[in-house]
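Visitor: So here's my_file02.pdb, just PDB, C-alpha atoms:
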```pdb
MODEL        1
ATOM      1  CA  MET A   1     103.057  77.527  72.424
ATOM      2  CA  LYS A   2     106.471  78.926  71.549
ATOM      3  CA  PHE A   3     108.870  80.072  74.233
ATOM      4  CA  SER A   4     108.767  83.586  72.782
ATOM      5  CA  ASP A   5     104.991  83.621  73.379
ATOM      6  CA  PHE A   6     105.324  83.282  77.152
ATOM      7  CA  ASN A   7     104.326  86.524  78.826
ATOM      8  CA  TYR A   8     106.874  87.918  81.254
ATOM      9  CA  GLN A   9     105.903  90.339  83.986
ATOM     10  CA  ARG A  10     108.324  91.387  86.693
ATOM     11  CA  PRO A  11     106.988  90.412  90.121
ATOM     12  CA  ASN A  12     106.274  93.203  92.564
ATOM     13  CA  ILE A  13     108.246  92.184  95.651
ATOM     14  CA  GLU A  14     106.564  94.679  97.982
ATOM     15  CA  ALA A  15     103.106  93.471  96.953
ATOM     16  CA  LEU A  16     104.229  89.852  97.321
ATOM     17  CA  GLN A  17     105.501  90.545 100.829
ATOM     18  CA  GLN A  18     102.205  92.158 101.815
ATOM     19  CA  SER A  19     100.150  89.328 100.324
ATOM     20  CA  TRP A  20     102.399  86.785 101.986
ATOM     21  CA  SER A  21     101.945  88.414 105.383
ATOM     22  CA  THR A  22      98.167  88.350 104.970
ATOM     23  CA  LEU A  23      98.237  84.712 103.872
ATOM     24  CA  LEU A  24     100.327  83.700 106.896
ATOM     25  CA  GLN A  25      97.843  85.494 109.162
ATOM     26  CA  ASN A  26      94.994  83.654 107.447
ATOM     27  CA  PHE A  27      96.891  80.387 107.867
ATOM     28  CA  ASN A  28      97.420  80.990 111.581
ATOM     29  CA  ASN A  29      93.800  82.073 112.109
ATOM     30  CA  ALA A  30      92.317  79.159 110.157
ATOM     31  CA  GLN A  31      89.743  77.110 112.023
ATOM     32  CA  SER A  32      90.302  73.918 110.044
ATOM     33  CA  ALA A  33      92.814  72.009 107.971
ATOM     34  CA  THR A  34      90.651  72.716 104.933
ATOM     35  CA  GLU A  35      91.044  76.466 105.465
ATOM     36  CA  GLN A  36      94.800  76.028 105.817
ATOM     37  CA  GLN A  37      94.851  73.971 102.617
ATOM     38  CA  GLY A  38      93.191  76.871 100.829
ATOM     39  CA  VAL A  39      95.931  79.206 102.054
ATOM     40  CA  ILE A  40      98.626  76.712 101.030
ATOM     41  CA  ASP A  41      97.085  76.583  97.555
ATOM     42  CA  GLN A  42      97.264  80.394  97.331
ATOM     43  CA  ILE A  43     100.885  80.367  98.515
ATOM     44  CA  ASN A  44     101.742  77.697  95.962
ATOM     45  CA  ALA A  45     100.152  79.790  93.198
ATOM     46  CA  ILE A  46     102.308  82.778  94.175
ATOM     47  CA  ARG A  47     105.400  80.585  94.284
ATOM     48  CA  SER A  48     104.595  79.108  90.892
ATOM     49  CA  ASP A  49     104.124  82.540  89.325
ATOM     50  CA  PHE A  50     107.347  83.863  90.841
ATOM     51  CA  ASP A  51     109.339  80.804  89.754
ATOM     52  CA  THR A  52     107.904  81.016  86.230
ATOM     53  CA  MET A  53     108.957  84.658  85.889
ATOM     54  CA  LEU A  54     112.382  83.880  87.377
ATOM     55  CA  ASN A  55     112.929  81.074  84.871
ATOM     56  CA  LEU A  56     111.723  83.125  81.911
ATOM     57  CA  ALA A  57     114.098  85.942  82.864
ATOM     58  CA  TYR A  58     116.996  83.530  83.378
ATOM     59  CA  ILE A  59     116.493  81.727  80.080
ATOM     60  CA  ARG A  60     116.130  84.941  78.104
ATOM     61  CA  TYR A  61     119.237  86.352  79.778
ATOM     62  CA  SER A  62     121.266  83.197  79.160
ATOM     63  CA  ILE A  63     120.243  83.237  75.476
ATOM     64  CA  ASP A  64     121.426  86.826  75.015
ATOM     65  CA  THR A  65     123.599  88.206  77.810
ATOM     66  CA  THR A  66     124.216  91.379  75.779
ATOM     67  CA  ASN A  67     120.557  92.449  75.925
ATOM     68  CA  ALA A  68     120.311  95.239  78.529
ATOM     69  CA  ALA A  69     116.645  94.537  79.310
ATOM     70  CA  TYR A  70     117.332  90.855  79.995
ATOM     71  CA  GLU A  71     120.344  91.774  82.111
ATOM     72  CA  GLU A  72     118.224  94.188  84.137
ATOM     73  CA  GLU A  73     115.662  91.454  84.832
ATOM     74  CA  GLN A  74     118.396  89.008  85.777
ATOM     75  CA  ASN A  75     119.796  91.601  88.195
ATOM     76  CA  PHE A  76     116.312  92.025  89.649
ATOM     77  CA  PHE A  77     116.099  88.317  90.410
ATOM     78  CA  ASP A  78     119.686  88.171  91.648
ATOM     79  CA  ASN A  79     118.668  90.681  94.312
ATOM     80  CA  ASN A  80     115.118  89.550  95.015
ATOM     81  CA  SER A  81     115.221  85.750  94.883
ATOM     82  CA  PRO A  82     116.797  85.564  98.356
ATOM     83  CA  LEU A  83     114.064  87.873  99.654
ATOM     84  CA  PHE A  84     111.474  85.527  98.191
ATOM     85  CA  GLN A  85     113.273  82.584  99.798
ATOM     86  CA  SER A  86     112.872  84.411 103.093
ATOM     87  CA  LEU A  87     109.110  84.474 102.521
ATOM     88  CA  ILE A  88     109.110  80.742 101.858
ATOM     89  CA  HIS A  89     111.147  80.251 105.037
ATOM     90  CA  SER A  90     108.554  82.193 107.033
ATOM     91  CA  PHE A  91     105.816  79.991 105.592
ATOM     92  CA  TYR A  92     107.711  76.837 106.525
ATOM     93  CA  LYS A  93     108.155  78.100 110.092
ATOM     94  CA  THR A  94     104.407  78.524 110.311
ATOM     95  CA  LEU A  95     103.606  75.264 108.531
ATOM     96  CA  VAL A  96     105.603  72.951 110.801
ATOM     97  CA  VAL A  97     103.790  74.179 113.917
ATOM     98  CA  SER A  98     100.301  74.044 112.417
ATOM     99  CA  LYS A  99      97.650  72.834 114.818
ATOM    100  CA  PHE A 100      96.302  70.813 111.890
ATOM    101  CA  ARG A 101      99.642  69.276 110.964
ATOM    102  CA  ASP A 102      98.403  65.677 111.058
ATOM    103  CA  ASP A 103      95.562  66.467 108.663
ATOM    104  CA  LEU A 104      97.875  68.466 106.395
ATOM    105  CA  GLU A 105     100.387  65.603 106.359
ATOM    106  CA  GLN A 106      97.626  63.234 105.287
ATOM    107  CA  HIS A 107      96.630  65.609 102.492
ATOM    108  CA  TYR A 108     100.075  66.723 101.233
ATOM    109  CA  GLY A 109     102.261  63.894 102.489
ATOM    110  CA  LYS A 110     105.028  63.897 105.041
ATOM    111  CA  HIS A 111     107.618  64.897 102.445
ATOM    112  CA  LEU A 112     106.384  68.509 102.427
ATOM    113  CA  PHE A 113     107.067  68.709 106.143
ATOM    114  CA  ASN A 114     110.471  67.058 105.742
ATOM    115  CA  ILE A 115     111.376  69.719 103.157
ATOM    116  CA  ALA A 116     110.060  72.475 105.427
ATOM    117  CA  GLU A 117     112.034  71.236 108.426
ATOM    118  CA  ALA A 118     115.224  70.817 106.408
ATOM    119  CA  THR A 119     114.838  74.315 104.967
ATOM    120  CA  LEU A 120     114.487  75.736 108.468
ATOM    121  CA  HIS A 121     117.956  74.384 109.237
ATOM    122  CA  ILE A 122     119.701  75.645 106.108
ATOM    123  CA  PHE A 123     118.276  79.135 105.590
ATOM    124  CA  ASP A 124     118.558  82.232 107.716
ATOM    125  CA  ASP A 125     117.739  85.837 106.881
ATOM    126  CA  SER A 126     121.318  86.795 107.799
ATOM    127  CA  LEU A 127     122.401  84.974 104.616
ATOM    128  CA  ILE A 128     120.370  87.151 102.235
ATOM    129  CA  ALA A 129     123.177  89.597 101.387
ATOM    130  CA  ASP A 130     125.587  86.702 100.744
ATOM    131  CA  MET A 131     123.024  84.967  98.555
ATOM    132  CA  GLN A 132     122.453  88.152  96.562
ATOM    133  CA  HIS A 133     126.202  88.504  96.039
ATOM    134  CA  GLU A 134     126.491  84.853  94.993
ATOM    135  CA  ASN A 135     123.672  85.354  92.471
ATOM    136  CA  GLN A 136     125.417  88.403  91.021
ATOM    137  CA  LEU A 137     128.690  86.489  90.668
ATOM    138  CA  THR A 138     126.867  83.619  88.965
ATOM    139  CA  SER A 139     125.291  86.029  86.465
ATOM    140  CA  GLU A 140     128.677  87.618  85.789
ATOM    141  CA  TYR A 141     130.130  84.155  85.161
ATOM    142  CA  ILE A 142     127.321  83.326  82.720
ATOM    143  CA  LYS A 143     127.985  86.567  80.863
ATOM    144  CA  LEU A 144     131.727  85.905  80.782
ATOM    145  CA  MET A 145     131.244  82.372  79.438
ATOM    146  CA  ALA A 146     128.805  83.625  76.802
ATOM    147  CA  SER A 147     131.307  86.231  75.631
ATOM    148  CA  ALA A 148     134.033  83.639  75.039
ATOM    149  CA  LYS A 149     134.361  83.084  71.284
ATOM    150  CA  ILE A 150     135.884  80.061  69.599
ATOM    151  CA  MET A 151     136.355  79.133  65.983
ATOM    152  CA  PHE A 152     134.792  75.805  65.055
ATOM    153  CA  ASP A 153     134.246  74.453  61.592
ATOM    154  CA  GLY A 154     134.854  77.857  60.064
ATOM    155  CA  GLN A 155     132.295  79.581  62.323
ATOM    156  CA  GLU A 156     132.757  81.809  65.316
ATOM    157  CA  LEU A 157     130.713  80.339  68.180
ATOM    158  CA  ASN A 158     130.334  81.102  71.861
ATOM    159  CA  LEU A 159     130.642  78.494  74.580
TER     160      LEU A 159
ENDMDL
END
```
In structure tokens, write the structure found in this file.

Guide:
Amino acid sequence: MKFSDFNYQRPNIEALQQSWSTLLQNFNNAQSATEQQGVIDQINAIRSDFDTMLNLAYIRYSIDTTNAAYEEEQNFFDNNSPLFQSLIHSFYKTLVVSKFRDDLEQHYGKHLFNIAEATLHIFDDSLIADMQHENQLTSEYIKLMASAKIMFDGQELNL
């Protein structure tokens, strides 16, 4: 499959937030580790889809920073990636206090819980606006670097 064949569809943040809330309720109301594993699998599928779309948008933008559609998608992720990180943070808060933690650790390994606990210490919703601004500055830097032209071997190239 060629990169150009990958289908891109902008994630719907509001729908993701609603689904996420329902999944966390299902996780908390689960009567077994197996039920919680099913919820974790659904959460991981959402995360995978979001990350795939984020990466497709980023790559397409970095290939052609002059394309307005790609820039618009990059701006979307600049603003919404921190919101998605907040959802992940809320999942980790719920995960580390699971009544089935021992069973989940046996299934997924302790490393998942180490990541969750570390993330709880380094992320806070009060940082979202700063993260959005940092993302915007990073995208501006990428665009600036792409616009720099140099002559090399008789050809005009960008960095």

Visitor: List every protein, DNA or RNA residue that has at least one atom no more than 12 Å from (102.5, 87.0, 101.4) in the file's coordinates, counting all atoms listed in the file, and write the result as a ChimeraX atom specification.

Guide: /A:12-27,39-40,42-47,83-91

Visitor: Check the smallest atom-to-atom distance from each of A:Thr65, A:Glu35, A:Lys149, A:His121 to Phe100 (chain A) using all atoms listed in the file, then report the winner.

Guide: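 For Phe100 (chain A), the nearest of the given residues is A:Glu35.
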
Visitor: May I have the residues within 9 Å of Thr138 (chain A) as a short mmCIF file (atom, residue, chain, number, x, y, z; two decimals) with C-alpha atoms, in the coordinates of the input, using all atoms listed in the file and disregarding those fewer than 5 positions away in the same chain?

Guide:
```cif
data_model
loop_
_atom_site.label_atom_id
_atom_site.label_comp_id
_atom_site.auth_asym_id
_atom_site.auth_seq_id
_atom_site.Cartn_x
_atom_site.Cartn_y
_atom_site.Cartn_z
CA ASP A 78 119.69 88.17 91.65
CA HIS A 133 126.20 88.50 96.04
CA LYS A 143 127.98 86.57 80.86
#
```

Visitor: What is the distance, in Å and to one decimal place, between CA of Ala30 (chain A) and CA of Lys93 (chain A)?

Guide: 15.9 Å

Visitor: Identify, on the basis of only C-alpha atoms, every residue whose closest approach to Glu105 (chain A) does not exceed 12 Å; exclude the query and any residue fewer than 2 positions from it along the same chain; express the result as a PyMOL selection string.

Guide: chain A and resi 33+36-37+95-103+107-114+116

Visitor: Using all atoms listed in the file, which of the listed residues (A:Met1, A:Leu127, A:Leu56, A:Ile63) sits closest to Ile142 (chain A)?

Guide: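 Under the stated criterion, the closest residue is A:Ile63.
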
Visitor: What gap, in Å, lies between CA of Asp5 (chain A) and CA of Leu144 (chain A)?

Guide: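 Here the two named atoms are 27.8 Å from each other.
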
Visitor: Show me, as number ranges by chain, the residues that have an atom within 9 Å of region 134-136 of chain A when counting all atoms listed in the file, minus same-chain residues fewer than 3 positions from it.

Guide: A: 74-75, 77-79, 81, 129-131, 139-141

Visitor: For those residues, write C-alpha atoms to a file as a PDB file, keeping the file's coordinate frame.

Guide:
```
ATOM      1  CA  GLN A  74     118.396  89.008  85.777  1.00  0.00           C
ATOM      2  CA  ASN A  75     119.796  91.601  88.195  1.00  0.00           C
ATOM      3  CA  PHE A  77     116.099  88.317  90.410  1.00  0.00           C
ATOM      4  CA  ASP A  78     119.686  88.171  91.648  1.00  0.00           C
ATOM      5  CA  ASN A  79     118.668  90.681  94.312  1.00  0.00           C
ATOM      6  CA  SER A  81     115.221  85.750  94.883  1.00  0.00           C
ATOM      7  CA  ALA A 129     123.177  89.597 101.387  1.00  0.00           C
ATOM      8  CA  ASP A 130     125.587  86.702 100.744  1.00  0.00           C
ATOM      9  CA  MET A 131     123.024  84.967  98.555  1.00  0.00           C
ATOM     10  CA  SER A 139     125.291  86.029  86.465  1.00  0.00           C
ATOM     11  CA  GLU A 140     128.677  87.618  85.789  1.00  0.00           C
ATOM     12  CA  TYR A 141     130.130  84.155  85.161  1.00  0.00           C
TER      13      TYR A 141
END
```

Visitor: Just checking: using all atoms listed in the file, which residue out of A:Ser4, A:Gln155, A:Ser126, A:Ser147 ends up closest to Ala57 (chain A)?

Guide: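 For Ala57 (chain A), the nearest of the candidates is A:Ser4.
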
Visitor: Calculated over all atoms listed in the file, which of the candidates A:Tyr92, A:Thr34, A:Gln9, A:Met145 has the smallest distance to Asn55 (chain A)?

Guide: A:Gln9

Visitor: Some atoms are absent from region 18-34 of chain A, so rebuild N, CA and C atoms and return them as an mmCIF file, keeping the file's coordinate frame.

Guide:
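Result written to out30.cif:
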```
data_model
loop_
_atom_site.group_PDB
_atom_site.id
_atom_site.type_symbol
_atom_site.label_atom_id
_atom_site.label_comp_id
_atom_site.auth_asym_id
_atom_site.auth_seq_id
_atom_site.Cartn_x
_atom_site.Cartn_y
_atom_site.Cartn_z
ATOM 1 N N GLN A 18 103.457 91.819 101.140
ATOM 2 C CA GLN A 18 102.205 92.158 101.815
ATOM 3 C C GLN A 18 101.193 91.018 101.708
ATOM 4 N N SER A 19 101.071 90.461 100.518
ATOM 5 C CA SER A 19 100.150 89.328 100.324
ATOM 6 C C SER A 19 100.566 88.147 101.184
ATOM 7 N N TRP A 20 101.861 87.908 101.219
ATOM 8 C CA TRP A 20 102.399 86.785 101.986
ATOM 9 C C TRP A 20 102.067 86.942 103.465
ATOM 10 N N SER A 21 102.240 88.142 103.977
ATOM 11 C CA SER A 21 101.945 88.414 105.383
ATOM 12 C C SER A 21 100.473 88.146 105.686
ATOM 13 N N THR A 22 99.607 88.591 104.807
ATOM 14 C CA THR A 22 98.167 88.350 104.970
ATOM 15 C C THR A 22 97.858 86.860 104.918
ATOM 16 N N LEU A 23 98.481 86.161 103.982
ATOM 17 C CA LEU A 23 98.237 84.712 103.872
ATOM 18 C C LEU A 23 98.705 83.968 105.122
ATOM 19 N N LEU A 24 99.851 84.362 105.670
ATOM 20 C CA LEU A 24 100.327 83.700 106.896
ATOM 21 C C LEU A 24 99.385 83.976 108.067
ATOM 22 N N GLN A 25 98.843 85.194 108.130
ATOM 23 C CA GLN A 25 97.843 85.494 109.162
ATOM 24 C C GLN A 25 96.611 84.617 108.975
ATOM 25 N N ASN A 26 96.154 84.505 107.736
ATOM 26 C CA ASN A 26 94.994 83.654 107.447
ATOM 27 C C ASN A 26 95.280 82.203 107.810
ATOM 28 N N PHE A 27 96.503 81.757 107.534
ATOM 29 C CA PHE A 27 96.891 80.387 107.867
ATOM 30 C C PHE A 27 96.825 80.182 109.380
ATOM 31 N N ASN A 28 97.399 81.110 110.118
ATOM 32 C CA ASN A 28 97.420 80.990 111.581
ATOM 33 C C ASN A 28 96.031 81.111 112.195
ATOM 34 N N ASN A 29 95.146 81.876 111.571
ATOM 35 C CA ASN A 29 93.800 82.073 112.109
ATOM 36 C C ASN A 29 92.790 81.048 111.599
ATOM 37 N N ALA A 30 93.221 80.159 110.738
ATOM 38 C CA ALA A 30 92.317 79.159 110.157
ATOM 39 C C ALA A 30 91.723 78.284 111.260
ATOM 40 N N GLN A 31 90.457 77.937 111.051
ATOM 41 C CA GLN A 31 89.743 77.110 112.023
ATOM 42 C C GLN A 31 89.685 75.636 111.622
ATOM 43 N N SER A 32 90.311 75.313 110.484
ATOM 44 C CA SER A 32 90.302 73.918 110.044
ATOM 45 C C SER A 32 91.479 73.665 109.100
ATOM 46 N N ALA A 33 91.768 72.399 108.920
ATOM 47 C CA ALA A 33 92.814 72.009 107.971
ATOM 48 C C ALA A 33 92.423 72.406 106.561
ATOM 49 N N THR A 34 91.134 72.340 106.267
ATOM 50 C CA THR A 34 90.651 72.716 104.933
ATOM 51 C C THR A 34 90.932 74.189 104.648
#
```
